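Chemist: Data file run32.cif (mmCIF, C-alpha atoms and all ligand atoms) is appended below.
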data_work
#
loop_
_atom_site.group_PDB
_atom_site.id
_atom_site.type_symbol
_atom_site.label_atom_id
_atom_site.label_comp_id
_atom_site.auth_asym_id
_atom_site.auth_seq_id
_atom_site.Cartn_x
_atom_site.Cartn_y
_atom_site.Cartn_z
ATOM 1 C CA MET Q 1 14.098 -19.747 2.372
ATOM 2 C CA ALA Q 2 15.916 -16.528 1.532
ATOM 3 C CA LEU Q 3 14.775 -14.974 -1.717
ATOM 4 C CA GLU Q 4 17.526 -14.313 -4.166
ATOM 5 C CA ARG Q 5 17.378 -10.822 -5.621
ATOM 6 C CA PRO Q 6 16.895 -11.035 -9.371
ATOM 7 C CA GLN Q 7 19.438 -9.439 -11.646
ATOM 8 C CA PHE Q 8 18.700 -5.751 -12.205
ATOM 9 C CA LEU Q 9 17.699 -4.969 -15.781
ATOM 10 C CA THR Q 10 18.404 -1.536 -17.198
ATOM 11 C CA THR Q 11 15.037 -0.737 -18.680
ATOM 12 C CA LYS Q 12 13.897 2.373 -20.499
ATOM 13 C CA GLU Q 13 11.988 3.400 -17.362
ATOM 14 C CA HIS Q 14 15.161 3.074 -15.316
ATOM 15 C CA ARG Q 15 16.989 5.292 -17.828
ATOM 16 C CA ARG Q 16 14.194 7.861 -17.563
ATOM 17 C CA PHE Q 17 14.444 7.689 -13.768
ATOM 18 C CA THR Q 18 18.207 8.214 -13.958
ATOM 19 C CA GLU Q 19 17.765 11.327 -16.110
ATOM 20 C CA PHE Q 20 15.159 12.638 -13.705
ATOM 21 C CA ALA Q 21 17.368 11.959 -10.678
ATOM 22 C CA ASP Q 22 20.379 13.584 -12.378
ATOM 23 C CA ALA Q 23 18.282 16.684 -13.043
ATOM 24 C CA CYS Q 24 17.090 16.899 -9.414
ATOM 25 C CA ARG Q 25 20.649 16.372 -8.186
ATOM 26 C CA HIS Q 26 22.266 18.923 -10.455
ATOM 27 C CA ASP Q 27 19.623 21.595 -10.038
ATOM 28 C CA ARG Q 28 19.062 20.832 -6.328
ATOM 29 C CA TYR Q 29 15.343 20.660 -6.824
ATOM 30 C CA ILE Q 30 12.672 18.635 -5.134
ATOM 31 C CA GLY Q 31 11.357 16.045 -7.579
ATOM 32 C CA LEU Q 32 8.312 13.894 -7.223
ATOM 33 C CA CYS Q 33 8.199 10.370 -8.653
ATOM 34 C CA TYR Q 34 4.996 8.388 -8.592
ATOM 35 C CA GLY Q 35 3.908 5.058 -10.053
ATOM 36 C CA GLN Q 36 1.774 1.969 -9.479
ATOM 37 C CA PRO Q 37 2.962 -0.585 -6.898
ATOM 38 C CA GLY Q 38 5.476 -3.026 -8.332
ATOM 39 C CA VAL Q 39 6.622 -1.105 -11.413
ATOM 40 C CA GLY Q 40 10.214 -0.813 -10.143
ATOM 41 C CA LYS Q 41 10.513 2.552 -8.381
ATOM 42 C CA THR Q 42 12.404 1.298 -5.335
ATOM 43 C CA LEU Q 43 14.782 -0.849 -7.345
ATOM 44 C CA SER Q 44 15.613 2.060 -9.653
ATOM 45 C CA ALA Q 45 16.289 4.315 -6.667
ATOM 46 C CA ARG Q 46 18.521 1.687 -5.046
ATOM 47 C CA GLN Q 47 20.418 1.233 -8.281
ATOM 48 C CA TYR Q 48 20.877 4.987 -8.744
ATOM 49 C CA ALA Q 49 22.185 5.398 -5.190
ATOM 50 C CA ARG Q 50 24.354 2.244 -5.489
ATOM 51 C CA TRP Q 51 22.622 1.375 -2.263
ATOM 52 C CA ASP Q 52 23.641 -2.292 -2.110
ATOM 53 C CA GLU Q 53 27.207 -1.054 -1.895
ATOM 54 C CA LEU Q 54 26.733 2.209 0.006
ATOM 55 C CA GLU Q 55 24.365 1.104 2.761
ATOM 56 C CA PRO Q 56 26.796 -1.403 4.339
ATOM 57 C CA MET Q 57 29.592 1.192 4.087
ATOM 58 C CA LEU Q 58 27.492 3.721 5.968
ATOM 59 C CA SER Q 59 26.879 1.268 8.769
ATOM 60 C CA ARG Q 60 30.652 0.678 9.072
ATOM 61 C CA TRP Q 61 31.491 4.396 9.244
ATOM 62 C CA ARG Q 62 32.981 4.144 12.741
ATOM 63 C CA SER Q 63 35.399 1.374 11.872
ATOM 64 C CA SER Q 64 36.740 2.668 8.586
ATOM 65 C CA TYR Q 65 36.798 6.336 7.762
ATOM 66 C CA ALA Q 66 37.625 7.386 4.238
ATOM 67 C CA GLN Q 67 36.555 4.007 2.861
ATOM 68 C CA ALA Q 68 34.876 5.876 -0.007
ATOM 69 C CA ARG Q 69 37.271 8.807 -0.326
ATOM 70 C CA ASP Q 70 37.612 8.681 -4.099
ATOM 71 C CA ARG Q 71 34.101 7.588 -4.820
ATOM 72 C CA ASP Q 72 32.529 10.583 -6.521
ATOM 73 C CA ASP Q 73 29.705 8.291 -7.601
ATOM 74 C CA LEU Q 74 28.497 7.839 -4.003
ATOM 75 C CA HIS Q 75 26.479 11.028 -3.698
ATOM 76 C CA THR Q 76 22.919 9.848 -3.135
ATOM 77 C CA LEU Q 77 21.213 8.711 0.050
ATOM 78 C CA LEU Q 78 18.112 6.573 0.195
ATOM 79 C CA TYR Q 79 15.762 6.889 3.133
ATOM 80 C CA THR Q 80 12.586 4.921 3.828
ATOM 81 C CA PRO Q 81 10.617 6.394 6.729
ATOM 82 C CA THR Q 82 8.874 3.989 9.064
ATOM 83 C CA LEU Q 83 5.080 4.118 9.297
ATOM 84 C CA SER Q 84 5.223 5.870 12.650
ATOM 85 C CA VAL Q 85 8.075 8.276 11.930
ATOM 86 C CA THR Q 86 7.986 11.524 13.912
ATOM 87 C CA PRO Q 87 9.537 14.791 12.679
ATOM 88 C CA GLY Q 88 12.208 14.472 15.395
ATOM 89 C CA VAL Q 89 13.233 10.992 14.291
ATOM 90 C CA LEU Q 90 13.134 11.980 10.631
ATOM 91 C CA SER Q 91 15.423 14.928 11.238
ATOM 92 C CA LYS Q 92 17.835 12.877 13.353
ATOM 93 C CA ASP Q 93 17.977 10.072 10.789
ATOM 94 C CA LEU Q 94 18.607 12.410 7.870
ATOM 95 C CA VAL Q 95 21.314 14.405 9.635
ATOM 96 C CA ALA Q 96 23.006 11.163 10.729
ATOM 97 C CA LEU Q 97 22.929 9.659 7.229
ATOM 98 C CA GLY Q 98 24.466 12.834 5.781
ATOM 99 C CA GLN Q 99 27.176 12.797 8.419
ATOM 100 C CA TYR Q 100 28.019 9.148 7.856
ATOM 101 C CA LEU Q 101 28.390 9.779 4.144
ATOM 102 C CA SER Q 102 30.714 12.722 4.831
ATOM 103 C CA VAL Q 103 32.783 10.630 7.190
ATOM 104 C CA ILE Q 104 33.306 7.793 4.739
ATOM 105 C CA ARG Q 105 34.105 10.273 1.952
ATOM 106 C CA THR Q 106 36.699 12.137 4.079
ATOM 107 C CA ALA Q 107 39.354 11.313 6.656
ATOM 108 C CA GLY Q 108 36.822 11.025 9.493
ATOM 109 C CA PRO Q 109 34.756 13.156 11.854
ATOM 110 C CA SER Q 110 37.690 15.483 12.606
ATOM 111 C CA ASP Q 111 38.088 16.372 8.928
ATOM 112 C CA PRO Q 112 36.722 19.917 8.516
ATOM 113 C CA ARG Q 113 34.844 18.859 5.379
ATOM 114 C CA ALA Q 114 33.018 16.167 7.339
ATOM 115 C CA CYS Q 115 32.309 18.596 10.166
ATOM 116 C CA GLY Q 116 30.344 20.777 7.777
ATOM 117 C CA ALA Q 117 27.695 18.087 8.043
ATOM 118 C CA ALA Q 118 27.173 18.821 11.712
ATOM 119 C CA HIS Q 119 25.937 22.270 10.780
ATOM 120 C CA GLY Q 120 23.149 20.924 8.697
ATOM 121 C CA SER Q 121 24.752 21.058 5.275
ATOM 122 C CA PRO Q 122 26.147 17.627 4.459
ATOM 123 C CA PRO Q 123 28.608 18.542 1.721
ATOM 124 C CA TYR Q 124 28.748 15.118 0.158
ATOM 125 C CA THR Q 125 25.052 14.452 -0.128
ATOM 126 C CA GLU Q 126 23.945 15.722 -3.493
ATOM 127 C CA LEU Q 127 20.619 13.932 -3.562
ATOM 128 C CA LEU Q 128 18.306 12.440 -0.959
ATOM 129 C CA ILE Q 129 15.689 9.979 -2.184
ATOM 130 C CA VAL Q 130 12.783 9.412 0.188
ATOM 131 C CA ASP Q 131 10.993 6.182 -0.700
ATOM 132 C CA GLU Q 132 7.441 5.459 0.537
ATOM 133 C CA ALA Q 133 6.907 9.194 0.917
ATOM 134 C CA ASP Q 134 3.156 8.566 1.259
ATOM 135 C CA ARG Q 135 3.936 7.673 4.856
ATOM 136 C CA LEU Q 136 4.886 11.247 5.704
ATOM 137 C CA LYS Q 137 2.136 13.301 7.320
ATOM 138 C CA THR Q 138 2.089 17.101 7.465
ATOM 139 C CA PRO Q 139 4.712 17.456 10.259
ATOM 140 C CA GLY Q 140 7.061 15.033 8.491
ATOM 141 C CA LEU Q 141 6.720 16.876 5.189
ATOM 142 C CA GLU Q 142 7.376 20.178 6.975
ATOM 143 C CA GLN Q 143 10.480 18.682 8.537
ATOM 144 C CA LEU Q 144 11.694 17.451 5.186
ATOM 145 C CA ARG Q 145 11.178 20.877 3.636
ATOM 146 C CA ASP Q 146 13.176 22.406 6.472
ATOM 147 C CA HIS Q 147 15.968 19.850 5.945
ATOM 148 C CA TYR Q 148 15.972 20.662 2.229
ATOM 149 C CA ASP Q 149 16.085 24.422 2.859
ATOM 150 C CA ARG Q 150 19.089 24.065 5.182
ATOM 151 C CA SER Q 151 21.058 21.911 2.785
ATOM 152 C CA GLN Q 152 22.280 22.203 -0.774
ATOM 153 C CA MET Q 153 20.974 18.919 -2.032
ATOM 154 C CA GLY Q 154 18.238 17.762 -4.324
ATOM 155 C CA VAL Q 155 15.417 15.638 -2.949
ATOM 156 C CA ILE Q 156 13.197 13.040 -4.621
ATOM 157 C CA LEU Q 157 9.966 11.874 -3.061
ATOM 158 C CA ILE Q 158 8.749 8.482 -4.286
ATOM 159 C CA GLY Q 159 5.136 7.536 -3.802
ATOM 160 C CA MET Q 160 1.965 6.085 -5.196
ATOM 161 C CA PRO Q 161 -0.134 7.759 -7.863
ATOM 162 C CA GLY Q 162 -2.115 10.518 -6.177
ATOM 163 C CA ILE Q 163 0.806 11.747 -4.075
ATOM 164 C CA GLU Q 164 1.219 14.662 -6.486
ATOM 165 C CA LYS Q 165 -2.345 15.786 -5.717
ATOM 166 C CA ARG Q 166 -1.894 15.307 -1.997
ATOM 167 C CA LEU Q 167 1.281 17.375 -1.937
ATOM 168 C CA ALA Q 168 -0.415 20.175 -3.874
ATOM 169 C CA ARG Q 169 -2.220 20.870 -0.591
ATOM 170 C CA TYR Q 170 1.077 21.990 0.950
ATOM 171 C CA PRO Q 171 1.889 25.149 -0.991
ATOM 172 C CA GLN Q 172 5.258 25.738 0.666
ATOM 173 C CA LEU Q 173 6.552 22.288 -0.208
ATOM 174 C CA TYR Q 174 4.796 22.172 -3.547
ATOM 175 C CA SER Q 175 6.315 25.442 -4.706
ATOM 176 C CA ARG Q 176 9.750 23.861 -4.297
ATOM 177 C CA ILE Q 177 8.942 20.898 -6.528
ATOM 178 C CA GLY Q 178 10.826 21.304 -9.784
ATOM 179 C CA PHE Q 179 10.017 18.054 -11.566
ATOM 180 C CA VAL Q 180 7.211 15.518 -11.495
ATOM 181 C CA HIS Q 181 7.956 12.124 -12.979
ATOM 182 C CA GLU Q 182 5.649 9.209 -13.641
ATOM 183 C CA TYR Q 183 7.254 5.760 -13.395
ATOM 184 C CA ARG Q 184 5.406 3.646 -15.950
ATOM 185 C CA PRO Q 185 4.946 -0.115 -16.373
ATOM 186 C CA LEU Q 186 6.912 -1.977 -19.054
ATOM 187 C CA SER Q 187 5.810 -1.424 -22.626
ATOM 188 C CA ALA Q 188 4.958 -4.496 -24.729
ATOM 189 C CA GLY Q 189 8.324 -4.277 -26.518
ATOM 190 C CA GLU Q 190 10.276 -4.051 -23.309
ATOM 191 C CA LEU Q 191 8.317 -6.830 -21.738
ATOM 192 C CA ALA Q 192 9.583 -9.088 -24.539
ATOM 193 C CA PHE Q 193 13.143 -8.032 -23.655
ATOM 194 C CA VAL Q 194 12.574 -8.792 -19.964
ATOM 195 C CA LEU Q 195 10.950 -12.125 -20.806
ATOM 196 C CA GLN Q 196 13.921 -13.098 -22.947
ATOM 197 C CA ARG Q 197 16.013 -12.920 -19.784
ATOM 198 C CA HIS Q 198 13.452 -14.955 -17.872
ATOM 199 C CA TRP Q 199 13.212 -17.595 -20.568
ATOM 200 C CA ALA Q 200 17.014 -17.838 -20.546
ATOM 201 C CA THR Q 201 17.055 -18.558 -16.796
ATOM 202 C CA VAL Q 202 15.190 -21.803 -17.488
ATOM 203 C CA GLY Q 203 17.413 -22.612 -20.441
ATOM 204 C CA LEU Q 204 14.966 -21.623 -23.187
ATOM 205 C CA THR Q 205 15.269 -19.088 -25.971
ATOM 206 C CA LEU Q 206 12.475 -16.731 -26.816
ATOM 207 C CA SER Q 207 11.975 -15.713 -30.404
ATOM 208 C CA ALA Q 208 9.629 -12.976 -31.567
ATOM 209 C CA ASP Q 209 9.333 -14.897 -34.876
ATOM 210 C CA ASP Q 210 7.955 -17.988 -33.188
ATOM 211 C CA PHE Q 211 4.172 -18.012 -33.010
ATOM 212 C CA THR Q 212 4.006 -19.915 -29.693
ATOM 213 C CA ASP Q 213 6.435 -17.452 -28.106
ATOM 214 C CA THR Q 214 4.540 -14.442 -29.444
ATOM 215 C CA GLU Q 215 1.310 -15.834 -28.037
ATOM 216 C CA ALA Q 216 2.951 -16.491 -24.669
ATOM 217 C CA ILE Q 217 4.358 -12.946 -24.531
ATOM 218 C CA ALA Q 218 0.935 -11.529 -25.373
ATOM 219 C CA ALA Q 219 -0.591 -13.600 -22.551
ATOM 220 C CA VAL Q 220 2.000 -12.334 -20.046
ATOM 221 C CA HIS Q 221 1.318 -8.772 -21.160
ATOM 222 C CA ARG Q 222 -2.445 -9.224 -20.834
ATOM 223 C CA ILE Q 223 -2.128 -10.717 -17.330
ATOM 224 C CA THR Q 224 0.494 -8.376 -15.901
ATOM 225 C CA SER Q 225 -0.015 -5.137 -17.870
ATOM 226 C CA GLY Q 226 3.766 -4.830 -17.818
ATOM 227 C CA ASN Q 227 3.974 -4.685 -14.024
ATOM 228 C CA PHE Q 228 7.443 -5.872 -13.038
ATOM 229 C CA ARG Q 229 6.440 -7.472 -9.743
ATOM 230 C CA LEU Q 230 3.611 -9.407 -11.364
ATOM 231 C CA VAL Q 231 5.886 -10.548 -14.190
ATOM 232 C CA GLN Q 232 8.341 -11.809 -11.584
ATOM 233 C CA ARG Q 233 5.673 -13.685 -9.675
ATOM 234 C CA LEU Q 234 3.993 -15.055 -12.771
ATOM 235 C CA PHE Q 235 7.306 -16.355 -14.019
ATOM 236 C CA ALA Q 236 7.941 -18.180 -10.756
ATOM 237 C CA GLN Q 237 4.648 -20.001 -11.317
ATOM 238 C CA ILE Q 238 5.486 -20.649 -14.978
ATOM 239 C CA THR Q 239 8.698 -22.357 -13.873
ATOM 240 C CA ARG Q 240 6.689 -24.490 -11.484
ATOM 241 C CA VAL Q 241 4.170 -25.484 -14.169
ATOM 242 C CA LEU Q 242 7.014 -26.444 -16.519
ATOM 243 C CA GLU Q 243 8.673 -28.564 -13.864
ATOM 244 C CA ILE Q 244 5.546 -30.344 -12.661
ATOM 245 C CA ASN Q 245 4.469 -31.220 -16.183
ATOM 246 C CA GLY Q 246 7.921 -31.921 -17.564
ATOM 247 C CA LEU Q 247 7.423 -29.324 -20.319
ATOM 248 C CA THR Q 248 10.119 -27.548 -22.305
ATOM 249 C CA VAL Q 249 8.030 -24.945 -24.110
ATOM 250 C CA ILE Q 250 6.340 -21.906 -22.555
ATOM 251 C CA SER Q 251 3.069 -21.665 -24.420
ATOM 252 C CA ARG Q 252 0.021 -19.483 -23.870
ATOM 253 C CA GLU Q 253 -1.589 -22.441 -22.045
ATOM 254 C CA VAL Q 254 1.371 -22.706 -19.667
ATOM 255 C CA VAL Q 255 1.141 -18.972 -18.934
ATOM 256 C CA GLU Q 256 -2.591 -19.199 -18.306
ATOM 257 C CA THR Q 257 -2.215 -22.229 -16.045
ATOM 258 C CA ALA Q 258 0.446 -20.354 -14.076
ATOM 259 C CA ARG Q 259 -1.864 -17.373 -13.786
ATOM 260 C CA GLU Q 260 -4.567 -19.513 -12.147
ATOM 261 C CA SER Q 261 -2.371 -20.190 -9.133
ATOM 262 C CA LEU Q 262 -1.471 -16.553 -8.709
ATOM 263 C CA VAL Q 263 -3.341 -14.120 -6.527
ATOM 264 C CA ILE Q 264 -3.422 -10.913 -8.494
ATOM 265 C CA GLY Q 265 -4.725 -7.916 -6.633
ATOM 266 C CA THR Q 266 -6.460 -5.094 -8.415
ATOM 267 C CA LEU Q 267 -3.801 -2.691 -9.521
HETATM 268 N N1 LIG Q 301 14.918 -3.077 -13.279
HETATM 269 C C1 LIG Q 301 14.524 -4.241 -12.754
HETATM 270 N N2 LIG Q 301 15.194 -5.385 -13.036
HETATM 271 C C2 LIG Q 301 14.795 -6.567 -12.529
HETATM 272 N N3 LIG Q 301 13.720 -6.722 -11.735
HETATM 273 C C3 LIG Q 301 13.007 -5.622 -11.405
HETATM 274 C C4 LIG Q 301 13.368 -4.331 -11.896
HETATM 275 N N4 LIG Q 301 12.470 -3.431 -11.432
HETATM 276 C C5 LIG Q 301 11.599 -4.130 -10.682
HETATM 277 N N5 LIG Q 301 11.899 -5.446 -10.669
HETATM 278 C C6 LIG Q 301 11.143 -6.514 -10.002
HETATM 279 O O1 LIG Q 301 9.889 -6.001 -9.600
HETATM 280 C C7 LIG Q 301 9.747 -6.028 -8.184
HETATM 281 C C8 LIG Q 301 9.086 -4.753 -7.714
HETATM 282 O O2 LIG Q 301 9.955 -3.654 -7.865
HETATM 283 P P1 LIG Q 301 9.964 -2.452 -6.806
HETATM 284 O O3 LIG Q 301 9.917 -2.963 -5.411
HETATM 285 O O4 LIG Q 301 11.098 -1.563 -7.167
HETATM 286 O O5 LIG Q 301 8.576 -1.747 -7.152
HETATM 287 P P2 LIG Q 301 7.954 -0.401 -6.554
HETATM 288 O O6 LIG Q 301 7.528 0.410 -7.718
HETATM 289 O O7 LIG Q 301 8.900 0.206 -5.592
HETATM 290 O O8 LIG Q 301 6.667 -0.960 -5.802
HETATM 291 P P3 LIG Q 301 5.914 -0.372 -4.485
HETATM 292 O O9 LIG Q 301 5.138 0.829 -4.936
HETATM 293 O O10 LIG Q 301 5.028 -1.508 -4.068
HETATM 294 O O11 LIG Q 301 6.973 -0.046 -3.477
HETATM 295 C C9 LIG Q 301 11.155 -6.216 -7.654
HETATM 296 O O12 LIG Q 301 11.151 -6.907 -6.427
HETATM 297 C C10 LIG Q 301 11.824 -7.014 -8.736
HETATM 298 O O13 LIG Q 301 11.504 -8.376 -8.604
HETATM 299 MG MG MG Q 302 8.796 0.585 -3.567
#
Rewrite the structure from the file as structure tokens, please.
Ligand SMILES: Nc1ncnc2c1ncn2[C@@H]1O[C@H](COP(=O)(O)OP(=O)(O)OP(=O)(O)O)[C@@H](O)[C@H]1O
Ligand SMILES: [Mg+2]
Modeler:
Amino acid sequence: MALERPQFLTTKEHRRFTEFADACRHDRYIGLCYGQPGVGKTLSARQYARWDELEPMLSRWRSSYAQARDRDDLHTLLYTPTLSVTPGVLSKDLVALGQYLSVIRTAGPSDPRACGAAHGSPPYTELLIVDEADRLKTPGLEQLRDHYDRSQMGVILIGMPGIEKRLARYPQLYSRIGFVHEYRPLSAGELAFVLQRHWATVGLTLSADDFTDTEAIAAVHRITSGNFRLVQRLFAQITRVLEINGLTVISREVVETARESLVIGTL
């Protein structure tokens, strides 16, 4: 069964990420973003890059040039290296992505502005976000630094906590890092906002004045520590518990029963 992507919620953390990405893009710095698994780093990056829209356009670059000619908001590329990426493949992929973006933003490969990309300076790429940057070993990081030095774009590396310490071992790359940003889990207040949306999807309203609701929110916070992925998974179980038992109220007991059927790794 195909999983439907949940609606993207503009959280405070996403706003902070946007400010951070804007700063890296405008100042053409390398920025480092780290955070626990499941807090929402990838989704924020996809949203910033408008990747759901841009990625299919990039793959159609041959068939329709200039499809994004007036789209000044398509300036960011997202790249996720494979586990076994070599510096050669990394370089080829990044140059190609930059070229495709130039082609869809101009009249095609023969447009002189698009050709600039062939010389290593994709004029339309203002920011490159590299997700899962923990996968890059020394040669890959060196290659990325070289790509950055040859271009006029900002770069963001997204990784797990600890990546900032690991990268400190590469002085050349590290000295180019302008911003370090921690992507945090949801605060208790924001969790309530997110849960309101979840409650609504099953036709219920959540009220901070209602004791049962407050208790249920507290239980979700205790179980998930505000981790978006866990909230999502816990809620799927909550829906199941409601259905099986024919319940119409999400109480602390419902949340705790849902939690029992969930495998929660140590985060
Ligand atoms: N802003 C958001 N709105 C709605 N759902 C979100 C949002 N952010 C995250 N989620 C939910 O949390 C899940 C995990 O998010 P995401 O994959 O972005 O985390 P991550 O920080 O990249 O994790 P990892 O380090 O494991 O790659 C998403 O699949 C989605 O269900
Ligand atoms: Mg991710």
Chemist: Give the residues close to ligand MG 302 (chain Q), within 12 Å, counting only C-alpha atoms and all ligand atoms; write them as number ranges by chain.
Modeler: Q: 33-46, 78-81, 129-134, 157-160, 183, 228-229
Chemist: Do a neighbour search on Glu53 (chain Q) at 12 Å with only C-alpha atoms, toss out local chain neighbours closer than 6 positions, and write the hits as a JSON list (two decimals) with C-alpha atoms, in the coordinates of the input.
Modeler:
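The result, written out as part34.json:
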[["chain", "number", "residue", "atom", "x", "y", "z"],
["Q", 46, "ARG", "CA", 18.52, 1.69, -5.05],
["Q", 47, "GLN", "CA", 20.42, 1.23, -8.28],
["Q", 59, "SER", "CA", 26.88, 1.27, 8.77],
["Q", 60, "ARG", "CA", 30.65, 0.68, 9.07],
["Q", 67, "GLN", "CA", 36.56, 4.01, 2.86],
["Q", 68, "ALA", "CA", 34.88, 5.88, -0.01],
["Q", 71, "ARG", "CA", 34.10, 7.59, -4.82],
["Q", 73, "ASP", "CA", 29.70, 8.29, -7.60],
["Q", 74, "LEU", "CA", 28.50, 7.84, -4.00],
["Q", 76, "THR", "CA", 22.92, 9.85, -3.14],
["Q", 77, "LEU", "CA", 21.21, 8.71, 0.05]]
Chemist: Considering all atoms listed in the file, can you say which of Q:Arg259, Q:Arg69, Q:Arg105, Q:Arg16 comes closest to ligand LIG 301 (chain Q)?
Modeler: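 Residue with the minimum atom-to-atom distance to ligand LIG 301 (chain Q): Q:Arg16.
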Chemist: Go through Q:Asp27, Q:Glu19, Q:Glu253, Q:Asp210 and flag the residue nearest Ile177 (chain Q), using only C-alpha atoms for the distances.
Modeler: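 Smallest distance to Ile177 (chain Q) is found for Q:Asp27.
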Chemist: For this file, the PyMOL selection byres (((chain Q and resi 242) around 12) and not hetatm) selects which residues, as a PyMOL selection string?
Modeler: chain Q and resi 199+202-204+235-241+243-251+253-255+257-258
Chemist: Show which residues sit within 12 Å of Gly88 (chain Q), as a ChimeraX atom specification. Count all atoms listed in the file, and ignore same-chain residues fewer than 6 positions away.
Modeler: /Q:81,94-95,139-144,146-147
Chemist: What does the structure give for the distance between CA of Thr125 (chain Q) and CA of Leu101 (chain Q), in Å to one decimal?
Modeler: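 Interatomic distance, CA of Thr125 (chain Q) to CA of Leu101 (chain Q): 7.2 Å.
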Chemist: Please, what distance in Å, to one decimal, runs between atom N5 of ligand LIG 301 (chain Q) and CA of Ile163 (chain Q)?
Modeler: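 A separation of 21.5 Å between them.
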Chemist: Kindly give the distance, in Å, that separates CA of Tyr174 (chain Q) and atom P1 of ligand LIG 301 (chain Q), rounded to a single decimal.
Modeler: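 Taking CA of Tyr174 (chain Q) and atom P1 of ligand LIG 301 (chain Q), their separation equals 25.4 Å.
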Chemist: Using only C-alpha atoms, pick whichever of Q:Arg222, Q:Arg233, Q:Arg176, Q:His75 has the shortest atom-to-atom distance to Glu126 (chain Q).
Modeler: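 So, comparing all the options, the nearest one is Q:His75.
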Chemist: Region 236-250 of chain Q, all listed atoms, 5 Å padding on each side: what axis-aligned box centre and edge lengths in Å to one decimal come out, as lines of an AutoDock Vina configuration file?
Modeler:
center_x = 7.1
center_y = -25.1
center_z = -17.4
size_x = 15.9
size_y = 23.7
size_z = 23.4
Chemist: Nearest to ligand LIG 301 (chain Q): which of Q:Pro87, Q:Pro171, Q:Pro123, Q:Pro161 is it, counting only C-alpha atoms and all ligand atoms?
Modeler: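 Closest to ligand LIG 301 (chain Q), using only C-alpha atoms and all ligand atoms: Q:Pro161.
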Chemist: Exactly which residues make up the result of the PyMOL selection byres (((chain Q and resi 58) around 10) and not hetatm) on this file, given as an mmCIF file with C-alpha atoms, in the frame of the given file?
Modeler:
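Once written, expr-v4.cif looks like this:
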data_model
loop_
_atom_site.group_PDB
_atom_site.id
_atom_site.type_symbol
_atom_site.label_atom_id
_atom_site.label_comp_id
_atom_site.auth_asym_id
_atom_site.auth_seq_id
_atom_site.Cartn_x
_atom_site.Cartn_y
_atom_site.Cartn_z
ATOM 1 C CA TRP Q 51 22.622 1.375 -2.263
ATOM 2 C CA GLU Q 53 27.207 -1.054 -1.895
ATOM 3 C CA LEU Q 54 26.733 2.209 0.006
ATOM 4 C CA GLU Q 55 24.365 1.104 2.761
ATOM 5 C CA PRO Q 56 26.796 -1.403 4.339
ATOM 6 C CA MET Q 57 29.592 1.192 4.087
ATOM 7 C CA SER Q 59 26.879 1.268 8.769
ATOM 8 C CA ARG Q 60 30.652 0.678 9.072
ATOM 9 C CA TRP Q 61 31.491 4.396 9.244
ATOM 10 C CA ARG Q 62 32.981 4.144 12.741
ATOM 11 C CA SER Q 64 36.740 2.668 8.586
ATOM 12 C CA TYR Q 65 36.798 6.336 7.762
ATOM 13 C CA GLN Q 67 36.555 4.007 2.861
ATOM 14 C CA ALA Q 68 34.876 5.876 -0.007
ATOM 15 C CA LEU Q 77 21.213 8.711 0.050
ATOM 16 C CA ALA Q 96 23.006 11.163 10.729
ATOM 17 C CA LEU Q 97 22.929 9.659 7.229
ATOM 18 C CA GLY Q 98 24.466 12.834 5.781
ATOM 19 C CA GLN Q 99 27.176 12.797 8.419
ATOM 20 C CA TYR Q 100 28.019 9.148 7.856
ATOM 21 C CA LEU Q 101 28.390 9.779 4.144
ATOM 22 C CA SER Q 102 30.714 12.722 4.831
ATOM 23 C CA VAL Q 103 32.783 10.630 7.190
ATOM 24 C CA ILE Q 104 33.306 7.793 4.739
#
Chemist: Counting all atoms listed in the file, figure out which residue out of Q:Leu128, Q:Leu90, Q:Ala66, Q:Val194 gets nearest to Asp22 (chain Q).
Modeler: Q:Leu128
Chemist: Nearest to ligand LIG 301 (chain Q): which of Q:Ala208, Q:Leu262, Q:Val231, Q:Met153 is it, counting only C-alpha atoms and all ligand atoms?
Modeler: Q:Val231
